[in-house]
Amino acid sequence: MLRIAVCDDEEQTSIYLKKLTEETISSHVKIFSSRRELLKSNEEFQIFLLNIGIGEFNGIETAKRIRKHSDALIIFITSLREPVFEAFDVEAFHYLLKPVNERKLKEVLRKAEGKCLGRKSEEPLIIRKNGTCCNIAKDDILYAENDGRKVILHMEERQIEYYARMKELEEELGSQFFRIHRGYLVNLRAVKSYHVGGVILKNREEILMAKTKYQDFVTAYIKFWRRYKGGI
């Protein structure tokens, strides 16, 4: 789930943006009433929906300060056309004019979600085993298995067993992985085929899937590959 900050001078606009965002992509949206309040926050966000506004302390200046410590995606929402070139200076992801077109906003949000998830999939999984930290490429993991207080990572050539909670691992791995059973977390990229009772991986191994998870799995699988291929 992506963390998104919304900051607009108009309260109703912020509420509208929050509603549409949470309807469109898997996200937790927090509204900030001012740009100063936003910058005082110590929270990390993957996407900012930021009004440019006017005056010395405007959205462009806010974005410059965000850029000092974050590579988050910035989407400007504004009624002003003039600052569009300044938006490029802070590497804005997109620039939407008010009144915001609902279809266009949803399109931009889905593209932003795809980019954020692409970044997350490139980040290695960092685990601690026997006092040593290891980096593991997420694409190398076929699936994770819950084994009491431990988790077993299954890969093509090896397995790694270490102390971890499946719930925390699920959150860390993100939407590239799906919990098909309380005991199994599967890499969607590793899935070759599936049926109501299980998932068959590219190495021909079959993993049990809970029947109650089937419909949600199909939805997540289709959504993942649409994003991966650049679809909306």
# chains A, B, ... in the order shown; residues from 1 in each chain; ligands from 1
>>> select_by_dssp(residues="segment 19-208 of chain A", states="helix (DSSP H, G or I)", output="ChimeraX atom specification")
/A:19-24,35-40,59-67,84-89,102-122,138-140,166-176,188-190
>>> residues_around(residues="segment 130-146 of chain A", least_positions_apart="4", cutoff="7 Å", atoms="only C-alpha atoms", output="VMD selection string")
chain A and resid 121 124 to 126 150 to 155 166 183 to 187 190
>>> residues_around(residues="Thr78 of chain A", least_positions_apart="4", cutoff="9 Å", atoms="only C-alpha atoms", output="ChimeraX atom specification")
/A:8,50-53,95-100
>>> residues_around(residues="segment 34-49 of chain A", least_positions_apart="5", cutoff="6 Å", atoms="only C-alpha atoms", output="list of chain:residue names")
A:Arg3, A:Ile4, A:Ala5, A:Val6, A:Ala72, A:Leu73, A:Ile74, A:Ile75, A:Phe76
>>> write_last_selection(atoms="N, CA and C atoms", output="PDB file, in the first residue's frame")
ATOM      1  N   ARG A   3       1.936   5.155   0.438  1.00  0.00           N
ATOM      2  CA  ARG A   3       1.626   6.292   1.305  1.00  0.00           C
ATOM      3  C   ARG A   3       1.691   7.564   0.466  1.00  0.00           C
ATOM      4  N   ILE A   4       0.596   8.338   0.512  1.00  0.00           N
ATOM      5  CA  ILE A   4       0.458   9.503  -0.361  1.00  0.00           C
ATOM      6  C   ILE A   4       0.075  10.718   0.474  1.00  0.00           C
ATOM      7  N   ALA A   5       0.728  11.846   0.196  1.00  0.00           N
ATOM      8  CA  ALA A   5       0.421  13.102   0.872  1.00  0.00           C
ATOM      9  C   ALA A   5      -0.322  14.022  -0.086  1.00  0.00           C
ATOM     10  N   VAL A   6      -1.396  14.617   0.400  1.00  0.00           N
ATOM     11  CA  VAL A   6      -2.168  15.592  -0.382  1.00  0.00           C
ATOM     12  C   VAL A   6      -2.093  16.925   0.335  1.00  0.00           C
ATOM     13  N   ALA A  72      10.587  10.844  -4.074  1.00  0.00           N
ATOM     14  CA  ALA A  72       9.169  10.530  -4.251  1.00  0.00           C
ATOM     15  C   ALA A  72       8.625  11.199  -5.511  1.00  0.00           C
ATOM     16  N   LEU A  73       7.534  10.668  -6.021  1.00  0.00           N
ATOM     17  CA  LEU A  73       6.891  11.255  -7.193  1.00  0.00           C
ATOM     18  C   LEU A  73       6.062  12.461  -6.766  1.00  0.00           C
ATOM     19  N   ILE A  74       6.211  13.551  -7.496  1.00  0.00           N
ATOM     20  CA  ILE A  74       5.470  14.782  -7.193  1.00  0.00           C
ATOM     21  C   ILE A  74       4.517  15.076  -8.342  1.00  0.00           C
ATOM     22  N   ILE A  75       3.236  15.172  -8.016  1.00  0.00           N
ATOM     23  CA  ILE A  75       2.212  15.534  -8.996  1.00  0.00           C
ATOM     24  C   ILE A  75       1.655  16.884  -8.591  1.00  0.00           C
ATOM     25  N   PHE A  76       1.866  17.878  -9.434  1.00  0.00           N
ATOM     26  CA  PHE A  76       1.363  19.212  -9.131  1.00  0.00           C
ATOM     27  C   PHE A  76      -0.095  19.347  -9.566  1.00  0.00           C
TER      28      PHE A  76
END
>>> closest_residue(among="A:Leu17, A:Ala112, A:Leu201, A:Ile127", to="Glu156 of chain A", atoms="only C-alpha atoms")
A:Leu201
>>> residues_around(residues="Leu20 of chain A", least_positions_apart="6", cutoff="10 Å", atoms="only C-alpha atoms", output="ChimeraX atom specification")
/A:102-103,105-106,109
>>> write_last_selection(atoms="N, CA and C atoms", output="mmCIF file, in the first residue's frame")
data_model
loop_
_atom_site.group_PDB
_atom_site.id
_atom_site.type_symbol
_atom_site.label_atom_id
_atom_site.label_comp_id
_atom_site.auth_asym_id
_atom_site.auth_seq_id
_atom_site.Cartn_x
_atom_site.Cartn_y
_atom_site.Cartn_z
ATOM 1 N N GLU A 102 -11.335 13.973 -13.657
ATOM 2 C CA GLU A 102 -11.300 12.711 -12.910
ATOM 3 C C GLU A 102 -10.609 11.601 -13.689
ATOM 4 N N ARG A 103 -10.935 11.466 -14.964
ATOM 5 C CA ARG A 103 -10.336 10.404 -15.781
ATOM 6 C C ARG A 103 -8.832 10.587 -15.889
ATOM 7 N N LEU A 105 -6.824 12.270 -13.828
ATOM 8 C CA LEU A 105 -6.190 12.053 -12.525
ATOM 9 C C LEU A 105 -5.997 10.564 -12.264
ATOM 10 N N LYS A 106 -7.022 9.771 -12.542
ATOM 11 C CA LYS A 106 -6.925 8.327 -12.307
ATOM 12 C C LYS A 106 -5.846 7.707 -13.196
ATOM 13 N N LEU A 109 -2.500 8.621 -11.676
ATOM 14 C CA LEU A 109 -2.293 7.873 -10.432
ATOM 15 C C LEU A 109 -1.883 6.437 -10.710
#
>>> atom_distance(atom1="atom CA of Ile207 of chain A", atom2="atom CA of Phe178 of chain A")
12.2 Å
>>> atom_distance(atom1="atom CA of Ile31 of chain A", atom2="atom CA of Ser14 of chain A")
6.6 Å
>>> atom_distance(atom1="atom CA of Arg226 of chain A", atom2="atom CA of Val90 of chain A")
28.9 Å
>>> residues_around(residues="Glu206 of chain A", least_positions_apart="3", cutoff="10 Å", atoms="only C-alpha atoms", output="VMD selection string")
chain A and resid 191 to 194 197 to 203 209
>>> write_last_selection(atoms="C-alpha atoms", output="PDB file, in the first residue's frame")
ATOM      1  CA  VAL A 191       3.553 -18.143 -11.612  1.00  0.00           C
ATOM      2  CA  LYS A 192       3.182 -20.255 -14.749  1.00  0.00           C
ATOM      3  CA  SER A 193      -0.460 -21.289 -14.279  1.00  0.00           C
ATOM      4  CA  TYR A 194      -3.092 -21.613 -11.571  1.00  0.00           C
ATOM      5  CA  GLY A 197      -6.732 -25.271  -5.507  1.00  0.00           C
ATOM      6  CA  GLY A 198      -3.193 -24.240  -6.324  1.00  0.00           C
ATOM      7  CA  VAL A 199      -0.506 -22.324  -8.203  1.00  0.00           C
ATOM      8  CA  ILE A 200       2.044 -23.924 -10.523  1.00  0.00           C
ATOM      9  CA  LEU A 201       5.387 -22.132 -10.621  1.00  0.00           C
ATOM     10  CA  LYS A 202       7.867 -21.817 -13.475  1.00  0.00           C
ATOM     11  CA  ASN A 203      10.017 -24.538 -11.892  1.00  0.00           C
ATOM     12  CA  MET A 209      -3.936 -22.169  -2.609  1.00  0.00           C
TER      13      MET A 209
END
>>> closest_residue(among="A:Glu11, A:Glu23, A:Ser70, A:Leu188", to="Thr219 of chain A", atoms="only C-alpha atoms")
A:Leu188
>>> select_by_dssp(residues="segment 4-186 of chain A", states="strand (DSSP E or B)", output="PyMOL selection string")
chain A and resi 4-7+27-32+47-51+73-78+94-97+125-129+132-136+141-147+150-155+159-163+177-181+184-186
>>> write_last_selection(atoms="C-alpha atoms", output="PDB file, in the first residue's frame")
ATOM      1  CA  ILE A   4       0.458   9.503  -0.361  1.00  0.00           C
ATOM      2  CA  ALA A   5       0.421  13.102   0.872  1.00  0.00           C
ATOM      3  CA  VAL A   6      -2.168  15.592  -0.382  1.00  0.00           C
ATOM      4  CA  CYS A   7      -1.653  19.307   0.181  1.00  0.00           C
ATOM      5  CA  SER A  27      -3.049   3.683  -0.886  1.00  0.00           C
ATOM      6  CA  HIS A  28      -3.213   5.436   2.445  1.00  0.00           C
ATOM      7  CA  VAL A  29      -3.703   9.174   1.889  1.00  0.00           C
ATOM      8  CA  LYS A  30      -2.940  11.862   4.451  1.00  0.00           C
ATOM      9  CA  ILE A  31      -4.155  15.433   3.983  1.00  0.00           C
ATOM     10  CA  PHE A  32      -2.034  18.401   5.029  1.00  0.00           C
ATOM     11  CA  ILE A  47       3.709  10.246  -3.882  1.00  0.00           C
ATOM     12  CA  PHE A  48       2.881  13.906  -3.241  1.00  0.00           C
ATOM     13  CA  LEU A  49      -0.204  15.607  -4.707  1.00  0.00           C
ATOM     14  CA  LEU A  50       0.845  19.191  -4.268  1.00  0.00           C
ATOM     15  CA  ASN A  51      -0.850  22.481  -5.090  1.00  0.00           C
ATOM     16  CA  LEU A  73       6.891  11.255  -7.193  1.00  0.00           C
ATOM     17  CA  ILE A  74       5.470  14.782  -7.193  1.00  0.00           C
ATOM     18  CA  ILE A  75       2.212  15.534  -8.996  1.00  0.00           C
ATOM     19  CA  PHE A  76       1.363  19.212  -9.131  1.00  0.00           C
ATOM     20  CA  ILE A  77      -2.304  20.239  -8.970  1.00  0.00           C
ATOM     21  CA  THR A  78      -2.802  23.882  -9.912  1.00  0.00           C
ATOM     22  CA  HIS A  94       3.049  15.188 -13.738  1.00  0.00           C
ATOM     23  CA  TYR A  95       1.255  18.536 -13.832  1.00  0.00           C
ATOM     24  CA  LEU A  96      -2.554  18.681 -13.683  1.00  0.00           C
ATOM     25  CA  LEU A  97      -4.626  21.816 -14.168  1.00  0.00           C
ATOM     26  CA  LEU A 125      15.007  -7.891   0.462  1.00  0.00           C
ATOM     27  CA  ILE A 126      17.337  -7.467   3.426  1.00  0.00           C
ATOM     28  CA  ILE A 127      17.256 -10.284   5.961  1.00  0.00           C
ATOM     29  CA  ARG A 128      19.265 -11.077   9.053  1.00  0.00           C
ATOM     30  CA  LYS A 129      20.507 -14.647   9.528  1.00  0.00           C
ATOM     31  CA  THR A 132      24.680 -11.394   9.307  1.00  0.00           C
ATOM     32  CA  CYS A 133      22.629  -9.176   6.989  1.00  0.00           C
ATOM     33  CA  CYS A 134      21.991 -10.522   3.481  1.00  0.00           C
ATOM     34  CA  ASN A 135      20.584  -8.857   0.377  1.00  0.00           C
ATOM     35  CA  ILE A 136      18.302 -11.016  -1.760  1.00  0.00           C
ATOM     36  CA  ILE A 141      12.357 -15.654  -4.684  1.00  0.00           C
ATOM     37  CA  LEU A 142       9.791 -18.128  -6.033  1.00  0.00           C
ATOM     38  CA  TYR A 143       7.760 -18.195  -2.836  1.00  0.00           C
ATOM     39  CA  ALA A 144       8.024 -17.856   0.917  1.00  0.00           C
ATOM     40  CA  GLU A 145       6.803 -20.528   3.313  1.00  0.00           C
ATOM     41  CA  ASN A 146       5.673 -19.993   6.878  1.00  0.00           C
ATOM     42  CA  ASP A 147       7.287 -22.476   9.292  1.00  0.00           C
ATOM     43  CA  LYS A 150      10.592 -18.963  10.828  1.00  0.00           C
ATOM     44  CA  VAL A 151      10.190 -18.166   7.148  1.00  0.00           C
ATOM     45  CA  ILE A 152      11.712 -20.262   4.367  1.00  0.00           C
ATOM     46  CA  LEU A 153      12.555 -18.440   1.136  1.00  0.00           C
ATOM     47  CA  HIS A 154      12.413 -20.852  -1.809  1.00  0.00           C
ATOM     48  CA  MET A 155      14.592 -20.036  -4.829  1.00  0.00           C
ATOM     49  CA  GLN A 159      16.479 -22.192   0.308  1.00  0.00           C
ATOM     50  CA  ILE A 160      17.074 -19.722   3.117  1.00  0.00           C
ATOM     51  CA  GLU A 161      15.475 -20.200   6.519  1.00  0.00           C
ATOM     52  CA  TYR A 162      15.457 -17.382   9.054  1.00  0.00           C
ATOM     53  CA  TYR A 163      13.403 -15.931  11.900  1.00  0.00           C
ATOM     54  CA  PHE A 177       3.848 -11.185  -4.024  1.00  0.00           C
ATOM     55  CA  PHE A 178       0.462 -12.592  -3.019  1.00  0.00           C
ATOM     56  CA  ARG A 179      -0.565 -14.580   0.076  1.00  0.00           C
ATOM     57  CA  ILE A 180      -2.378 -17.540  -1.506  1.00  0.00           C
ATOM     58  CA  HIS A 181      -2.548 -19.433   1.786  1.00  0.00           C
ATOM     59  CA  TYR A 184       2.522 -19.453   1.397  1.00  0.00           C
ATOM     60  CA  LEU A 185       3.453 -16.124  -0.171  1.00  0.00           C
ATOM     61  CA  VAL A 186       3.997 -16.434  -3.927  1.00  0.00           C
TER      62      VAL A 186
END
